[in-house]
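Q: The structure is given below, and queries will be raised subsequently.
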Amino acid sequence: MPNRIERATALPVDLFGDEAVFELEIADIWHQDWVFACTVDAVAEPGEHVPVMIGRQPVLMVRGDDFQIRALANVCSHRGTPLVDCAGRLSRFSCPYHAWTYGLEGDLLSVPYALPAEVGHADHGLESFLVETWHGLVFVSLNPDVEPLSTRVAAVEPYIKPLGLDRLHHDVAATMSEQWDANWKLIFGNALDSYSHFRVHAETVEPVSPTDGSYYLAGSARATVTGGESMERADHLVVSLPPSFVAVIYPDALVWQSVRPLTVGRTEVTTGVAGEESDAGTVVSLPGWDASFIDEDRAICEQVQRNVSARWRPGPLLELERALGDFHAYLAWRLSDVAPEPPVVAAEPGSRPEPPL
Ligand code: FES
Ligand SMILES: [Fe+2]
């Protein structure tokens with residue numbers, strides 16, 4: 001589509017309510033790009049599986065006996081029935097319709113009542129999709145030609161890698177999903193926004209992560225990392241990997257949020273946490289964090305969504321909203337073929353940018 005998206009101004013409000021734009025986003029973003037699926041700890045053991053939706057494609061994330069994590073179509077090869085509707089652990093998947101049965105690698109194992117040689121098993125296994133993991137986070141792409149995830153995260157990796165996130169354990173039972181009445185772009189842009197802390201989160205986030213303590217580190221259309229002062233602990237980082245994933249990362253804990261578009265005005269929002277493993281289980285240390293920040297985010301996003309038919313000229317973004325500008329560049333890249341610019345580095349890993357004179 002012709003590009004109407006600018007780095008330096010808010011998104012045109014109709015982009016949050018336009019069905020045609022939404023269909024374009026499903027096709028050109030959600031069915032093409034890397035999308036966050038689950039954490040490695042959600043499929044820790046062979047046979048553990050989680051059904052997820054990647055755009056409109058039902059996908060079954062499953063760990064095989066070989067310990068590989070796979071993304072299989074959650075669609076029976078016979079007549080298209082979803083194989084699994086909830087997370088769990090199984091040694092094989094048996095379709096609820098006619099009991100065609102598949103192994104953990106998607107291979108078709110048995111077809112009840114078929115005549116000998118009636119169904120060629122080798123031709124009717126489950127389709128599989130690309131999977132890559134990044135520091136305990138599992139991403140899927142339906143596009144076999146997508147650029148490697150390592151290219152996608154290259155500019156932010158020097159900031160993230162030293163934190164040793166791989167040793168953290170995700171508290172799978174604490175993962176929470178809700179449906180919000182707002183467009184996915186609004187929610188993604190809000191998740192990476194620290195400008196609003198002093199206002200939206202005056203009593204929840206601001207005391208532990210103040211607006212005026214946040215700073216841009218590095219980023220581009222592909223991924224962005226910002227930093228923030230934290231009360232009584234080391235600075236935290238916020239990494240955003242559009243279109244689906246944002247995480248706030250502390251040296252010993254992380255909080256992530258992922259979005260999944262349902263309709264133009266409705267989005268599934270999933271929030272999860274990870275922490276250090278101890279004898280008592282996973283200990284997520286987020287002193288001062290108050291989970292009601294999620295309700296505050298939901299309320300403001302739903303409030304903005306109610307204005308999608310408003311007459312309005314998009315306003316300028318502040319320096320504080322530079323990460324949002326990167327997200328806009330991402331949207332212009334995916335939707336209007338505007339080539340991504342090289343990453344900007346405002347400060348090296350472990351440092352803060354110089355304050356403006
Ligand atoms: S649709 Fe799955 S076995 Fe018939
Ligand atoms: Fe927020």
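By order in the structure tokens, chains are A, B, ...; within a chain, residues start at 1; ligands start at 1, following the order shown.
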Within 12 Å of ligand 2, which residues of chain A show up? Give each one with its shortest atom-to-atom distance in Å (one decimal) and the two atoms involved, counting only C-alpha atoms and all ligand atoms, rows by chain then rising residue number, as CSV.

A:
residue,atom,partner,partner_atom_place_in_ligand_line,distance
A:Leu186,CA,ligand 2,1 (Fe),11.2
A:Ile187,CA,ligand 2,1 (Fe),9.1
A:Phe188,CA,ligand 2,1 (Fe),10.1
A:Gly189,CA,ligand 2,1 (Fe),9.4
A:Asn190,CA,ligand 2,1 (Fe),5.8
A:Ala191,CA,ligand 2,1 (Fe),5.7
A:Leu192,CA,ligand 2,1 (Fe),7.7
A:Asp193,CA,ligand 2,1 (Fe),6.4
A:Ser194,CA,ligand 2,1 (Fe),6.8
A:Tyr195,CA,ligand 2,1 (Fe),8.6
A:Ser196,CA,ligand 2,1 (Fe),6.3
A:His197,CA,ligand 2,1 (Fe),6.2
A:Phe198,CA,ligand 2,1 (Fe),9.7
A:Arg199,CA,ligand 2,1 (Fe),9.4
A:Val200,CA,ligand 2,1 (Fe),6.7
A:His201,CA,ligand 2,1 (Fe),6.6
A:Ala202,CA,ligand 2,1 (Fe),10.2
A:Glu203,CA,ligand 2,1 (Fe),11.8
A:Thr204,CA,ligand 2,1 (Fe),9.6
A:Val205,CA,ligand 2,1 (Fe),7.9
A:Glu206,CA,ligand 2,1 (Fe),9.7
A:Ser209,CA,ligand 2,1 (Fe),10.8
A:Pro210,CA,ligand 2,1 (Fe),11.5
A:Thr211,CA,ligand 2,1 (Fe),10.6
A:Val246,CA,ligand 2,1 (Fe),11.5
A:Val248,CA,ligand 2,1 (Fe),11.4
A:Gln257,CA,ligand 2,1 (Fe),10.9
A:Asp290,CA,ligand 2,1 (Fe),11.9
A:Ala291,CA,ligand 2,1 (Fe),11.2
A:Ser292,CA,ligand 2,1 (Fe),10.3
A:Phe293,CA,ligand 2,1 (Fe),6.6
A:Ile294,CA,ligand 2,1 (Fe),7.3
A:Asp295,CA,ligand 2,1 (Fe),9.2
A:Glu296,CA,ligand 2,1 (Fe),7.0
A:Asp297,CA,ligand 2,1 (Fe),4.8
A:Arg298,CA,ligand 2,1 (Fe),8.5
A:Ala299,CA,ligand 2,1 (Fe),10.0
A:Ile300,CA,ligand 2,1 (Fe),8.5
A:Cys301,CA,ligand 2,1 (Fe),9.2

Q: Restricting it to C-alpha atoms, dump the selection as a short mmCIF file (atom, residue, chain, number, x, y, z; two decimals), in the first residue's frame.

A:
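Written out: result_38.cif:
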data_model
loop_
_atom_site.label_atom_id
_atom_site.label_comp_id
_atom_site.auth_asym_id
_atom_site.auth_seq_id
_atom_site.Cartn_x
_atom_site.Cartn_y
_atom_site.Cartn_z
CA LEU A 186 -1.80 0.08 19.49
CA ILE A 187 -0.96 -2.56 22.08
CA PHE A 188 2.48 -3.31 20.69
CA GLY A 189 3.33 0.40 20.53
CA ASN A 190 2.07 0.82 24.07
CA ALA A 191 4.13 -2.10 25.37
CA LEU A 192 7.38 -0.46 24.32
CA ASP A 193 6.35 3.00 25.50
CA SER A 194 7.98 4.38 28.63
CA TYR A 195 6.76 7.94 28.03
CA SER A 196 3.40 7.03 29.58
CA HIS A 197 4.74 5.64 32.84
CA PHE A 198 4.36 8.88 34.83
CA ARG A 199 0.75 9.26 33.69
CA VAL A 200 -0.81 5.84 33.00
CA HIS A 201 1.23 4.00 35.61
CA ALA A 202 1.84 6.75 38.19
CA GLU A 203 1.56 4.32 41.09
CA THR A 204 2.59 1.02 39.50
CA VAL A 205 5.47 1.33 37.04
CA GLU A 206 6.66 4.93 37.54
CA SER A 209 10.83 2.56 36.22
CA PRO A 210 10.38 6.31 35.88
CA THR A 211 9.65 7.99 32.57
CA VAL A 246 8.30 -6.95 23.93
CA VAL A 248 11.52 -5.87 30.09
CA GLN A 257 4.24 -9.40 26.59
CA ASP A 290 2.48 -4.21 40.64
CA ALA A 291 0.61 -6.46 38.19
CA SER A 292 -2.20 -3.94 37.90
CA PHE A 293 -0.02 -2.13 35.34
CA ILE A 294 -1.54 -4.61 32.85
CA ASP A 295 -5.07 -3.37 33.58
CA GLU A 296 -3.85 0.21 33.22
CA ASP A 297 -2.35 -0.58 29.82
CA ARG A 298 -5.52 -2.31 28.73
CA ALA A 299 -7.68 0.62 29.79
CA ILE A 300 -5.63 3.22 27.90
CA CYS A 301 -5.36 1.07 24.75
#

Q: Do you know which residues are at most 6 Å from A:Ile249 counting only C-alpha atoms, after dropping those on the same chain fewer than 2 positions away, and could you put them as a list in words?

A: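 Once the nearby chain positions are removed, what remains is His236, Leu237 and Leu254 of chain A.
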
Q: Could you check which of A:Asp18, A:Trp30, A:Leu11, A:Ser77 is closest to ligand 1, using only C-alpha atoms and all ligand atoms?

A: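 So, comparing all the options, the nearest one is A:Ser77.
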
Q: With a distance cut-off of 6 Å and only C-alpha atoms, select the neighbouring residues of A:Pro46, excluding the residue or stretch itself and same-chain residues fewer than 4 positions from it, and output the selection as a ChimeraX atom specification.

A: /A:63-65

Q: Convert the current residue selection to file output with N, CA and C atoms, as a PDB file, in the first residue's frame.

A:
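So part19.pdb came out as:
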ATOM      1  N   ARG A  63       7.816 -30.503  21.552  1.00  0.00           N
ATOM      2  CA  ARG A  63       9.192 -30.976  21.656  1.00  0.00           C
ATOM      3  C   ARG A  63       9.211 -32.474  21.348  1.00  0.00           C
ATOM      4  N   GLY A  64      10.120 -32.871  20.458  1.00  0.00           N
ATOM      5  CA  GLY A  64      10.208 -34.260  20.045  1.00  0.00           C
ATOM      6  C   GLY A  64      11.070 -35.083  20.986  1.00  0.00           C
ATOM      7  N   ASP A  65      11.095 -36.396  20.728  1.00  0.00           N
ATOM      8  CA  ASP A  65      11.971 -37.276  21.511  1.00  0.00           C
ATOM      9  C   ASP A  65      13.448 -36.927  21.297  1.00  0.00           C
TER      10      ASP A  65
END

Q: Kindly compile the residues surrounding ligand 1 within 9 Å, counting only C-alpha atoms and all ligand atoms, and format them as an MDAnalysis selection string.

A: chainID A and resid 75:83 94:101 111:112

Q: Might you pull out every residue within 9 Å of A:Glu132, with only C-alpha atoms counted and same-chain residues fewer than 2 positions away left off, and present them as a PyMOL selection string?

A: chain A and resi 34+69+130+134+137-141+148-150

Q: DSSP on the backbone: which residues in stretch 41-267 of chain A end up as helix (DSSP H, G or I)? Give the answer as a ChimeraX atom specification.

A: /A:41-43,121-123,149-153,157-163,165-167,172-174,184-191,197-200,211-213

Q: Would you please give, as a list in words, all residues of stretch 80-145 of chain A that DSSP assigns to strand (DSSP E or B) based on the backbone?

A: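 DSSP on the backbone gives strand (DSSP E or B) at Gly88, Arg89, Phe93, Ser94, Thr101, Tyr102, Leu108, Leu109, Ser110, Ser128, Phe129, Leu130, Val131, Glu132, Thr133, Trp134, Leu137, Val138, Phe139, Val140 and Ser141 of chain A.
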
Q: Measure the distance from atom CA of A:Tyr216 to atom CA of A:Pro355 in Å and round it to one decimal.

A: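 Here the two named atoms are 11.0 Å from each other.
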
Q: Which is closest to A:Gln303 among A:Phe67, A:Trp289, A:Trp180, A:Phe22, if we use only C-alpha atoms?

A: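 Of all the options, A:Trp180 lies closest to A:Gln303.
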
Q: Take atom CA of A:Pro261 and atom CA of A:Leu72 and report the distance between them in Å, one decimal.

A: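 Going from atom CA of A:Pro261 over to atom CA of A:Leu72 covers 20.2 Å.
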
Q: Using only C-alpha atoms, which protein or nucleic acid residues come within 7 Å of A:Leu142? Drop anything in the same chain fewer than 5 positions from it, and give the result as number ranges by chain.

A: A: 31-32, 129-130

Q: List every residue of stretch 1-71 of chain A that has an atom at most 12 Å from any atom of stretch 319-335 of chain A, and for each one report the closest atom pair and its distance in Å to one decimal, counting only C-alpha atoms, with rows sorted by chain and then by increasing residue number, as CSV.

A:
residue,atom,partner,partner_atom,distance
A:Met1,CA,A:Leu335,CA,6.3
A:Pro2,CA,A:Leu335,CA,8.5
A:Asn3,CA,A:Ala332,CA,6.4
A:Arg4,CA,A:Ala332,CA,8.0
A:Ile5,CA,A:Ala332,CA,5.9
A:Glu6,CA,A:His328,CA,6.4
A:Arg7,CA,A:Gly325,CA,4.3
A:Ala8,CA,A:Gly325,CA,6.0
A:Thr9,CA,A:Gly325,CA,7.8
A:Ala10,CA,A:Gly325,CA,8.5
A:Leu11,CA,A:His328,CA,7.6
A:Pro12,CA,A:His328,CA,10.9
A:Leu15,CA,A:Leu331,CA,10.9
A:Ala20,CA,A:Leu335,CA,11.9
A:Val21,CA,A:Leu335,CA,8.9
A:Phe22,CA,A:Leu335,CA,10.5
A:Glu23,CA,A:Leu335,CA,10.9
A:Leu24,CA,A:Leu335,CA,7.3
A:Glu25,CA,A:Leu335,CA,7.0
A:Ile26,CA,A:Leu335,CA,10.3
A:Ala27,CA,A:Leu335,CA,9.6
A:Asp28,CA,A:Arg334,CA,6.4
A:Ile29,CA,A:Arg334,CA,6.2
A:Trp30,CA,A:Arg334,CA,10.0
A:His31,CA,A:Arg334,CA,11.2
A:Gln32,CA,A:Arg334,CA,9.1
A:Asp33,CA,A:Arg334,CA,8.9

Q: Could you turn the residues from that selection into a file that holds N, CA and C atoms, as an mmCIF file, in the first residue's frame?

A:
data_model
loop_
_atom_site.group_PDB
_atom_site.id
_atom_site.type_symbol
_atom_site.label_atom_id
_atom_site.label_comp_id
_atom_site.auth_asym_id
_atom_site.auth_seq_id
_atom_site.Cartn_x
_atom_site.Cartn_y
_atom_site.Cartn_z
ATOM 1 N N MET A 1 0.855 -1.195 0.000
ATOM 2 C CA MET A 1 0.000 0.000 0.000
ATOM 3 C C MET A 1 0.889 1.242 0.000
ATOM 4 N N PRO A 2 0.403 2.367 -0.516
ATOM 5 C CA PRO A 2 1.209 3.594 -0.487
ATOM 6 C C PRO A 2 1.548 3.937 0.952
ATOM 7 N N ASN A 3 2.769 4.409 1.183
ATOM 8 C CA ASN A 3 3.167 4.608 2.576
ATOM 9 C C ASN A 3 2.601 5.890 3.180
ATOM 10 N N ARG A 4 1.910 5.741 4.304
ATOM 11 C CA ARG A 4 1.425 6.907 5.057
ATOM 12 C C ARG A 4 2.013 6.901 6.464
ATOM 13 N N ILE A 5 3.004 6.015 6.664
ATOM 14 C CA ILE A 5 3.544 5.840 8.021
ATOM 15 C C ILE A 5 4.865 6.584 8.131
ATOM 16 N N GLU A 6 4.984 7.430 9.150
ATOM 17 C CA GLU A 6 6.198 8.216 9.374
ATOM 18 C C GLU A 6 6.824 7.790 10.693
ATOM 19 N N ARG A 7 8.169 7.893 10.737
ATOM 20 C CA ARG A 7 8.878 7.636 11.976
ATOM 21 C C ARG A 7 8.520 8.640 13.071
ATOM 22 N N ALA A 8 8.367 9.884 12.635
ATOM 23 C CA ALA A 8 8.361 10.980 13.607
ATOM 24 C C ALA A 8 6.976 11.447 14.029
ATOM 25 N N THR A 9 5.944 10.833 13.462
ATOM 26 C CA THR A 9 4.594 11.236 13.891
ATOM 27 C C THR A 9 3.776 10.005 14.261
ATOM 28 N N ALA A 10 2.734 10.251 15.029
ATOM 29 C CA ALA A 10 1.833 9.161 15.428
ATOM 30 C C ALA A 10 1.242 8.504 14.174
ATOM 31 N N LEU A 11 0.810 7.266 14.315
ATOM 32 C CA LEU A 11 0.199 6.566 13.172
ATOM 33 C C LEU A 11 -1.160 7.194 12.859
ATOM 34 N N PRO A 12 -1.483 7.293 11.568
ATOM 35 C CA PRO A 12 -2.847 7.740 11.219
ATOM 36 C C PRO A 12 -3.866 6.840 11.924
ATOM 37 N N LEU A 15 -5.625 3.549 10.698
ATOM 38 C CA LEU A 15 -4.892 2.283 10.569
ATOM 39 C C LEU A 15 -5.239 1.312 11.708
ATOM 40 N N ALA A 20 -9.331 -3.484 5.667
ATOM 41 C CA ALA A 20 -8.464 -3.813 4.526
ATOM 42 C C ALA A 20 -6.991 -3.782 4.964
ATOM 43 N N VAL A 21 -6.636 -2.802 5.778
ATOM 44 C CA VAL A 21 -5.257 -2.737 6.301
ATOM 45 C C VAL A 21 -4.990 -3.963 7.164
ATOM 46 N N PHE A 22 -5.977 -4.346 7.948
ATOM 47 C CA PHE A 22 -5.809 -5.517 8.824
ATOM 48 C C PHE A 22 -5.534 -6.779 7.997
ATOM 49 N N GLU A 23 -6.262 -6.963 6.917
ATOM 50 C CA GLU A 23 -6.039 -8.146 6.066
ATOM 51 C C GLU A 23 -4.637 -8.121 5.451
ATOM 52 N N LEU A 24 -4.199 -6.923 5.079
ATOM 53 C CA LEU A 24 -2.838 -6.769 4.543
ATOM 54 C C LEU A 24 -1.803 -7.138 5.612
ATOM 55 N N GLU A 25 -2.057 -6.731 6.826
ATOM 56 C CA GLU A 25 -1.126 -7.044 7.920
ATOM 57 C C GLU A 25 -1.048 -8.546 8.180
ATOM 58 N N ILE A 26 -2.211 -9.213 8.128
ATOM 59 C CA ILE A 26 -2.192 -10.673 8.319
ATOM 60 C C ILE A 26 -1.327 -11.311 7.231
ATOM 61 N N ALA A 27 -1.546 -10.890 5.981
ATOM 62 C CA ALA A 27 -0.839 -11.517 4.861
ATOM 63 C C ALA A 27 0.646 -11.142 4.834
ATOM 64 N N ASP A 28 0.950 -9.855 5.011
ATOM 65 C CA ASP A 28 2.323 -9.382 4.784
ATOM 66 C C ASP A 28 3.180 -9.342 6.045
ATOM 67 N N ILE A 29 2.551 -9.386 7.182
ATOM 68 C CA ILE A 29 3.321 -9.379 8.440
ATOM 69 C C ILE A 29 3.189 -10.730 9.134
ATOM 70 N N TRP A 30 1.994 -11.068 9.561
ATOM 71 C CA TRP A 30 1.825 -12.228 10.453
ATOM 72 C C TRP A 30 2.060 -13.553 9.749
ATOM 73 N N HIS A 31 1.821 -13.607 8.439
ATOM 74 C CA HIS A 31 2.080 -14.846 7.705
ATOM 75 C C HIS A 31 3.442 -14.840 7.013
ATOM 76 N N GLN A 32 4.230 -13.796 7.237
ATOM 77 C CA GLN A 32 5.536 -13.708 6.581
ATOM 78 C C GLN A 32 6.700 -13.648 7.565
ATOM 79 N N ASP A 33 6.466 -13.057 8.713
ATOM 80 C CA ASP A 33 7.593 -12.694 9.572
ATOM 81 C C ASP A 33 7.751 -13.677 10.732
#

Q: Could you check which of A:Thr151, A:Ser278, A:Thr271, A:Gln179 is closest to A:Ala223, using only C-alpha atoms?

A: A:Thr151

Q: When distances are computed from only C-alpha atoms, which of A:Leu317, A:Leu104, A:Val50, A:Ala174 shows the smallest separation from A:Val255?

A: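 Looking only at the distances to A:Val255, the closest residue turns out to be A:Ala174.
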
Q: Rounded to one decimal place, report the atom CA of A:Thr226-atom CA of A:Pro162 distance in Å.

A: 15.1 Å

Q: Compare A:Ala182, A:Ala218, A:Ala247, A:Ala73 by their minimum atom-to-atom distance to A:Asn307, counting only C-alpha atoms, and give me the closest one.

A: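 Of all the options, A:Ala182 lies closest to A:Asn307.
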